[in-house]
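Trainee: See my_file-v4.txt below, with compact mmCIF, N, CA, C and O atoms.
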# COMPACT_ATOMS: atom_id res chain seq x y z
N MET A 227 -3.86 -9.27 -10.51
CA MET A 227 -3.03 -9.98 -9.56
C MET A 227 -3.72 -9.94 -8.21
O MET A 227 -4.44 -9.00 -7.89
N LYS A 228 -3.45 -10.93 -7.40
CA LYS A 228 -4.10 -11.06 -6.10
C LYS A 228 -3.07 -11.52 -5.07
O LYS A 228 -2.23 -12.38 -5.38
N ILE A 229 -3.12 -10.91 -3.88
CA ILE A 229 -2.27 -11.38 -2.78
C ILE A 229 -3.15 -11.57 -1.55
O ILE A 229 -4.24 -11.02 -1.46
N ILE A 230 -2.65 -12.36 -0.63
CA ILE A 230 -3.27 -12.50 0.69
C ILE A 230 -2.43 -11.65 1.63
O ILE A 230 -1.28 -11.98 1.92
N ALA A 231 -3.01 -10.52 2.06
CA ALA A 231 -2.26 -9.53 2.84
C ALA A 231 -1.67 -10.12 4.11
O ALA A 231 -0.60 -9.70 4.55
N ASN A 232 -2.35 -11.10 4.71
CA ASN A 232 -1.85 -11.71 5.95
C ASN A 232 -0.51 -12.41 5.75
O ASN A 232 0.20 -12.68 6.71
N ASP A 233 -0.16 -12.71 4.51
CA ASP A 233 1.09 -13.40 4.21
C ASP A 233 2.29 -12.46 4.11
O ASP A 233 3.41 -12.92 3.87
N TYR A 234 2.07 -11.15 4.25
CA TYR A 234 3.13 -10.16 4.05
C TYR A 234 3.22 -9.20 5.23
O TYR A 234 2.19 -8.86 5.82
N PRO A 235 4.42 -8.71 5.52
CA PRO A 235 4.53 -7.62 6.49
C PRO A 235 3.81 -6.39 5.92
O PRO A 235 3.78 -6.20 4.70
N THR A 236 3.25 -5.58 6.78
CA THR A 236 2.48 -4.41 6.36
C THR A 236 3.26 -3.53 5.39
O THR A 236 2.73 -3.08 4.37
N LYS A 237 4.53 -3.29 5.69
CA LYS A 237 5.33 -2.40 4.83
C LYS A 237 5.43 -2.94 3.40
O LYS A 237 5.49 -2.16 2.46
N ASN A 238 5.42 -4.25 3.24
CA ASN A 238 5.55 -4.83 1.90
C ASN A 238 4.27 -4.67 1.08
O ASN A 238 4.33 -4.61 -0.14
N ILE A 239 3.13 -4.59 1.74
CA ILE A 239 1.86 -4.44 1.02
C ILE A 239 1.84 -3.12 0.26
O ILE A 239 1.43 -3.07 -0.90
N ILE A 240 2.31 -2.05 0.89
CA ILE A 240 2.35 -0.75 0.23
C ILE A 240 3.29 -0.81 -0.97
O ILE A 240 2.98 -0.31 -2.05
N LYS A 241 4.43 -1.45 -0.80
CA LYS A 241 5.39 -1.56 -1.91
C LYS A 241 4.80 -2.38 -3.06
O LYS A 241 4.97 -2.03 -4.23
N ILE A 242 4.10 -3.45 -2.74
CA ILE A 242 3.47 -4.28 -3.77
C ILE A 242 2.47 -3.44 -4.56
O ILE A 242 2.45 -3.47 -5.80
N ILE A 243 1.63 -2.68 -3.85
CA ILE A 243 0.64 -1.84 -4.52
C ILE A 243 1.34 -0.82 -5.41
O ILE A 243 0.94 -0.59 -6.56
N ARG A 244 2.39 -0.20 -4.89
CA ARG A 244 3.13 0.79 -5.70
C ARG A 244 3.71 0.13 -6.94
O ARG A 244 3.64 0.68 -8.06
N GLU A 245 4.26 -1.06 -6.80
CA GLU A 245 4.83 -1.75 -7.95
C GLU A 245 3.75 -2.11 -8.97
O GLU A 245 4.01 -2.09 -10.17
N TRP A 246 2.54 -2.45 -8.50
CA TRP A 246 1.43 -2.71 -9.43
C TRP A 246 1.12 -1.48 -10.26
O TRP A 246 0.72 -1.59 -11.41
N THR A 247 1.30 -0.28 -9.68
CA THR A 247 1.01 0.95 -10.42
C THR A 247 2.12 1.29 -11.42
O THR A 247 1.93 2.16 -12.25
N GLU A 248 3.26 0.63 -11.29
CA GLU A 248 4.43 0.86 -12.12
C GLU A 248 4.95 2.29 -11.98
O GLU A 248 5.48 2.87 -12.93
N LEU A 249 4.80 2.85 -10.78
CA LEU A 249 5.30 4.19 -10.48
C LEU A 249 6.46 4.10 -9.50
O LEU A 249 6.50 3.20 -8.67
N ASN A 250 7.40 5.06 -9.62
CA ASN A 250 8.46 5.10 -8.62
C ASN A 250 7.91 5.78 -7.36
O ASN A 250 6.76 6.24 -7.33
N GLN A 251 8.70 5.85 -6.31
CA GLN A 251 8.22 6.39 -5.04
C GLN A 251 7.78 7.84 -5.16
O GLN A 251 6.78 8.24 -4.57
N THR A 252 8.50 8.64 -5.94
CA THR A 252 8.14 10.04 -6.11
C THR A 252 6.80 10.18 -6.82
O THR A 252 5.91 10.90 -6.37
N GLU A 253 6.65 9.46 -7.94
CA GLU A 253 5.41 9.53 -8.72
C GLU A 253 4.22 9.00 -7.92
O GLU A 253 3.14 9.60 -7.91
N PHE A 254 4.43 7.89 -7.24
CA PHE A 254 3.37 7.29 -6.44
C PHE A 254 2.96 8.23 -5.30
O PHE A 254 1.77 8.44 -5.04
N GLY A 255 3.94 8.82 -4.64
CA GLY A 255 3.66 9.75 -3.55
C GLY A 255 2.80 10.91 -4.01
O GLY A 255 1.88 11.33 -3.31
N LYS A 256 3.07 11.42 -5.20
CA LYS A 256 2.28 12.55 -5.72
C LYS A 256 0.82 12.16 -5.89
O LYS A 256 -0.06 13.00 -5.69
N THR A 257 0.54 10.91 -6.23
CA THR A 257 -0.85 10.50 -6.46
C THR A 257 -1.65 10.45 -5.17
O THR A 257 -2.88 10.50 -5.20
N ILE A 258 -0.96 10.36 -4.03
CA ILE A 258 -1.66 10.29 -2.74
C ILE A 258 -1.22 11.42 -1.81
O ILE A 258 -1.36 11.32 -0.59
N ASN A 259 -0.66 12.48 -2.39
CA ASN A 259 -0.24 13.66 -1.64
C ASN A 259 0.77 13.35 -0.54
O ASN A 259 0.66 13.84 0.58
N ARG A 260 1.74 12.51 -0.89
CA ARG A 260 2.83 12.19 0.03
C ARG A 260 4.15 12.43 -0.69
O ARG A 260 4.24 12.33 -1.91
N SER A 261 5.20 12.68 0.07
CA SER A 261 6.53 12.86 -0.51
C SER A 261 7.18 11.51 -0.77
O SER A 261 6.74 10.48 -0.25
N ARG A 262 8.25 11.53 -1.56
CA ARG A 262 9.01 10.31 -1.80
C ARG A 262 9.55 9.78 -0.48
O ARG A 262 9.54 8.58 -0.23
N ASP A 263 10.03 10.69 0.38
CA ASP A 263 10.55 10.27 1.68
C ASP A 263 9.48 9.57 2.52
O ASP A 263 9.76 8.59 3.20
N SER A 264 8.26 10.08 2.47
CA SER A 264 7.16 9.47 3.22
C SER A 264 6.90 8.05 2.71
O SER A 264 6.75 7.11 3.51
N ILE A 265 6.85 7.87 1.40
CA ILE A 265 6.63 6.55 0.82
C ILE A 265 7.78 5.62 1.19
O ILE A 265 7.58 4.47 1.58
N ASN A 266 9.00 6.13 1.08
CA ASN A 266 10.17 5.34 1.43
C ASN A 266 10.11 4.91 2.89
O ASN A 266 10.39 3.74 3.22
N ASN A 267 9.74 5.81 3.78
CA ASN A 267 9.64 5.48 5.21
C ASN A 267 8.56 4.44 5.48
O ASN A 267 8.74 3.56 6.32
N ILE A 268 7.45 4.51 4.77
CA ILE A 268 6.38 3.52 4.93
C ILE A 268 6.88 2.16 4.44
O ILE A 268 6.71 1.14 5.11
N GLU A 269 7.49 2.14 3.26
CA GLU A 269 7.97 0.88 2.68
C GLU A 269 9.09 0.24 3.50
O GLU A 269 9.30 -0.97 3.41
N ASN A 270 9.79 1.04 4.27
CA ASN A 270 10.88 0.51 5.10
C ASN A 270 10.48 0.32 6.56
O ASN A 270 11.32 0.01 7.40
N GLY A 271 9.19 0.51 6.85
CA GLY A 271 8.69 0.24 8.18
C GLY A 271 8.97 1.30 9.22
O GLY A 271 8.77 1.07 10.41
N ARG A 272 9.46 2.46 8.80
CA ARG A 272 9.74 3.53 9.76
C ARG A 272 8.49 4.35 10.08
O ARG A 272 8.41 4.94 11.15
N ASN A 273 7.56 4.42 9.14
CA ASN A 273 6.28 5.11 9.34
C ASN A 273 5.15 4.16 9.00
O ASN A 273 5.35 3.19 8.25
N ARG A 274 3.98 4.46 9.54
CA ARG A 274 2.78 3.66 9.24
C ARG A 274 1.79 4.52 8.48
O ARG A 274 1.85 5.74 8.52
N MET A 275 0.87 3.86 7.83
CA MET A 275 -0.18 4.55 7.10
C MET A 275 -1.50 4.32 7.84
O MET A 275 -1.79 3.20 8.24
N TYR A 276 -2.27 5.39 8.01
CA TYR A 276 -3.59 5.25 8.62
C TYR A 276 -4.50 4.46 7.70
O TYR A 276 -4.37 4.52 6.47
N LEU A 277 -5.43 3.73 8.28
CA LEU A 277 -6.35 2.91 7.50
C LEU A 277 -7.13 3.73 6.49
O LEU A 277 -7.27 3.33 5.33
N ASN A 278 -7.64 4.90 6.89
CA ASN A 278 -8.41 5.72 5.95
C ASN A 278 -7.54 6.18 4.78
O ASN A 278 -8.00 6.26 3.64
N ASP A 279 -6.24 6.45 5.01
CA ASP A 279 -5.32 6.80 3.93
C ASP A 279 -5.07 5.60 3.03
O ASP A 279 -4.97 5.74 1.80
N PHE A 280 -4.97 4.42 3.63
CA PHE A 280 -4.78 3.19 2.86
C PHE A 280 -5.98 2.94 1.94
O PHE A 280 -5.81 2.65 0.76
N ILE A 281 -7.17 3.10 2.48
CA ILE A 281 -8.38 2.90 1.69
C ILE A 281 -8.44 3.90 0.54
O ILE A 281 -8.73 3.54 -0.61
N GLU A 282 -8.15 5.15 0.83
CA GLU A 282 -8.15 6.19 -0.21
C GLU A 282 -7.12 5.87 -1.30
O GLU A 282 -7.39 6.01 -2.49
N MET A 283 -5.93 5.41 -0.88
CA MET A 283 -4.89 5.04 -1.84
C MET A 283 -5.37 3.92 -2.74
O MET A 283 -5.20 3.96 -3.96
N CYS A 284 -6.01 2.92 -2.16
CA CYS A 284 -6.51 1.80 -2.94
C CYS A 284 -7.59 2.25 -3.93
O CYS A 284 -7.62 1.79 -5.07
N GLN A 285 -8.46 3.13 -3.49
CA GLN A 285 -9.50 3.64 -4.37
C GLN A 285 -8.90 4.38 -5.56
O GLN A 285 -9.33 4.19 -6.70
N LYS A 286 -7.89 5.19 -5.32
CA LYS A 286 -7.25 5.96 -6.40
C LYS A 286 -6.57 5.06 -7.42
O LYS A 286 -6.42 5.44 -8.58
N HIS A 287 -6.12 3.89 -6.98
CA HIS A 287 -5.36 3.01 -7.87
C HIS A 287 -6.12 1.73 -8.24
O HIS A 287 -5.50 0.74 -8.67
N ASP A 288 -7.44 1.77 -8.09
CA ASP A 288 -8.29 0.64 -8.47
C ASP A 288 -7.87 -0.68 -7.84
O ASP A 288 -7.82 -1.72 -8.50
N ILE A 289 -7.53 -0.63 -6.56
CA ILE A 289 -7.18 -1.82 -5.79
C ILE A 289 -8.40 -2.20 -4.95
O ILE A 289 -8.92 -1.38 -4.20
N LYS A 290 -8.84 -3.43 -5.07
CA LYS A 290 -9.99 -3.91 -4.31
C LYS A 290 -9.51 -4.47 -2.98
O LYS A 290 -8.57 -5.26 -2.93
N ILE A 291 -10.17 -4.05 -1.90
CA ILE A 291 -9.86 -4.57 -0.56
C ILE A 291 -10.97 -5.54 -0.18
O ILE A 291 -12.14 -5.17 -0.20
N ILE A 292 -10.60 -6.75 0.14
CA ILE A 292 -11.58 -7.76 0.58
C ILE A 292 -11.18 -8.22 1.97
O ILE A 292 -10.03 -8.62 2.20
N ILE A 293 -12.13 -8.18 2.88
CA ILE A 293 -11.88 -8.68 4.24
C ILE A 293 -12.76 -9.91 4.41
O ILE A 293 -13.95 -9.87 4.19
N GLU A 294 -12.11 -11.00 4.76
CA GLU A 294 -12.82 -12.28 4.80
C GLU A 294 -12.45 -13.01 6.09
O GLU A 294 -11.27 -13.08 6.45
N LYS A 295 -13.42 -13.57 6.74
CA LYS A 295 -13.17 -14.34 7.96
C LYS A 295 -12.80 -15.77 7.56
O LYS A 295 -13.45 -16.38 6.73
N ASN A 296 -11.75 -16.28 8.19
CA ASN A 296 -11.36 -17.67 7.97
C ASN A 296 -12.37 -18.58 8.66
O ASN A 296 -12.78 -18.32 9.79
N ASN A 297 -12.71 -19.66 8.04
CA ASN A 297 -13.63 -20.64 8.64
C ASN A 297 -12.78 -21.75 9.25
O ASN A 297 -12.43 -22.71 8.60
N LYS A 298 -12.48 -21.61 10.53
CA LYS A 298 -11.66 -22.62 11.22
C LYS A 298 -12.51 -23.41 12.16
O LYS A 298 -13.42 -23.00 12.74
Now, as a test, write the supplied structure out as structure tokens.
Mentor:
Amino acid sequence: MKIIANDYPTKNIIKIIREWTELNQTEFGKTINRSRDSINNIENGRNRMYLNDFIEMCQKHDIKIIIEKNNK
């Protein structure tokens, strides 16, 4: 599956990735050393995730990050 991250609020991107893993918040949090509350807060926009943590999370779950410049 593929999404264009610019089309989504940041909090939704984390939820989409978690849903791709088919894990609940508790299980997903354990894979990246976070609590269920931490995942819930990120998904609800109360907390943010650092870029290096995001990259590590993607690596652990085989998510490819592509950064591409628009040709306007």
Trainee: Please, which residues of chain A, numbered as in this document, come out helix (DSSP H, G or I) from DSSP, as a PyMOL selection string?
Mentor: chain A and resi 231-233+236-247+251-257+262-269+277-286
Trainee: Please list as a list in words every residue within 12 Å of stretch 287-291 of chain A, counting only C-alpha atoms and excluding residues in the same chain fewer than 6 positions away.
Mentor: Met227, Lys228, Ile229, Ile230, Ala231, Ile239, Ile240, Ile242, Ile243, Arg244, Glu245, Trp246, Thr247, Glu248, Leu249, Phe254, Thr257, Ile258, Leu277, Phe280 and Ile281 of chain A
Trainee: Pick from A:Asn238, A:Gln285, A:Asn297, A:Asn232: nearest to A:Asn266, with only C-alpha atoms counted?
Mentor: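 Residue with the minimum atom-to-atom distance to A:Asn266: A:Asn238.
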Trainee: Centre and edge lengths of an axis-aligned box around all listed atoms of stretch 247-261 of chain A, with 4 Å added on each side, are to be given in Å to one decimal, as lines of an AutoDock Vina configuration file.
Mentor:
center_x = 2.9
center_y = 6.8
center_z = -6.2
size_x = 19.6
size_y = 22.1
size_z = 21.5
Trainee: Between atom N of A:Met283 and atom O of A:Asp263, what is the distance, to one decimal in Å?
Mentor: 16.5 Å
Trainee: Go ahead and compute the interatomic distance for atom CA of A:Lys237 and atom CA of A:Gly271, in Å to one decimal.
Mentor: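 Separation of atom CA of A:Lys237 and atom CA of A:Gly271: 5.4 Å.
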Trainee: Show me, as a list in words, the residues that have an atom within 6 Å of A:Thr252 when counting only N, CA, C and O atoms, minus same-chain residues fewer than 6 positions from it.
Mentor: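 Selected residues are Arg260, Ser261 and Arg262 of chain A.
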Trainee: What does the distance from atom CA of A:Lys256 to atom CA of A:Arg272 come to in Å, to one decimal?
Mentor: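 Answer for the atom CA of A:Lys256 to atom CA of A:Arg272 separation: 19.4 Å.
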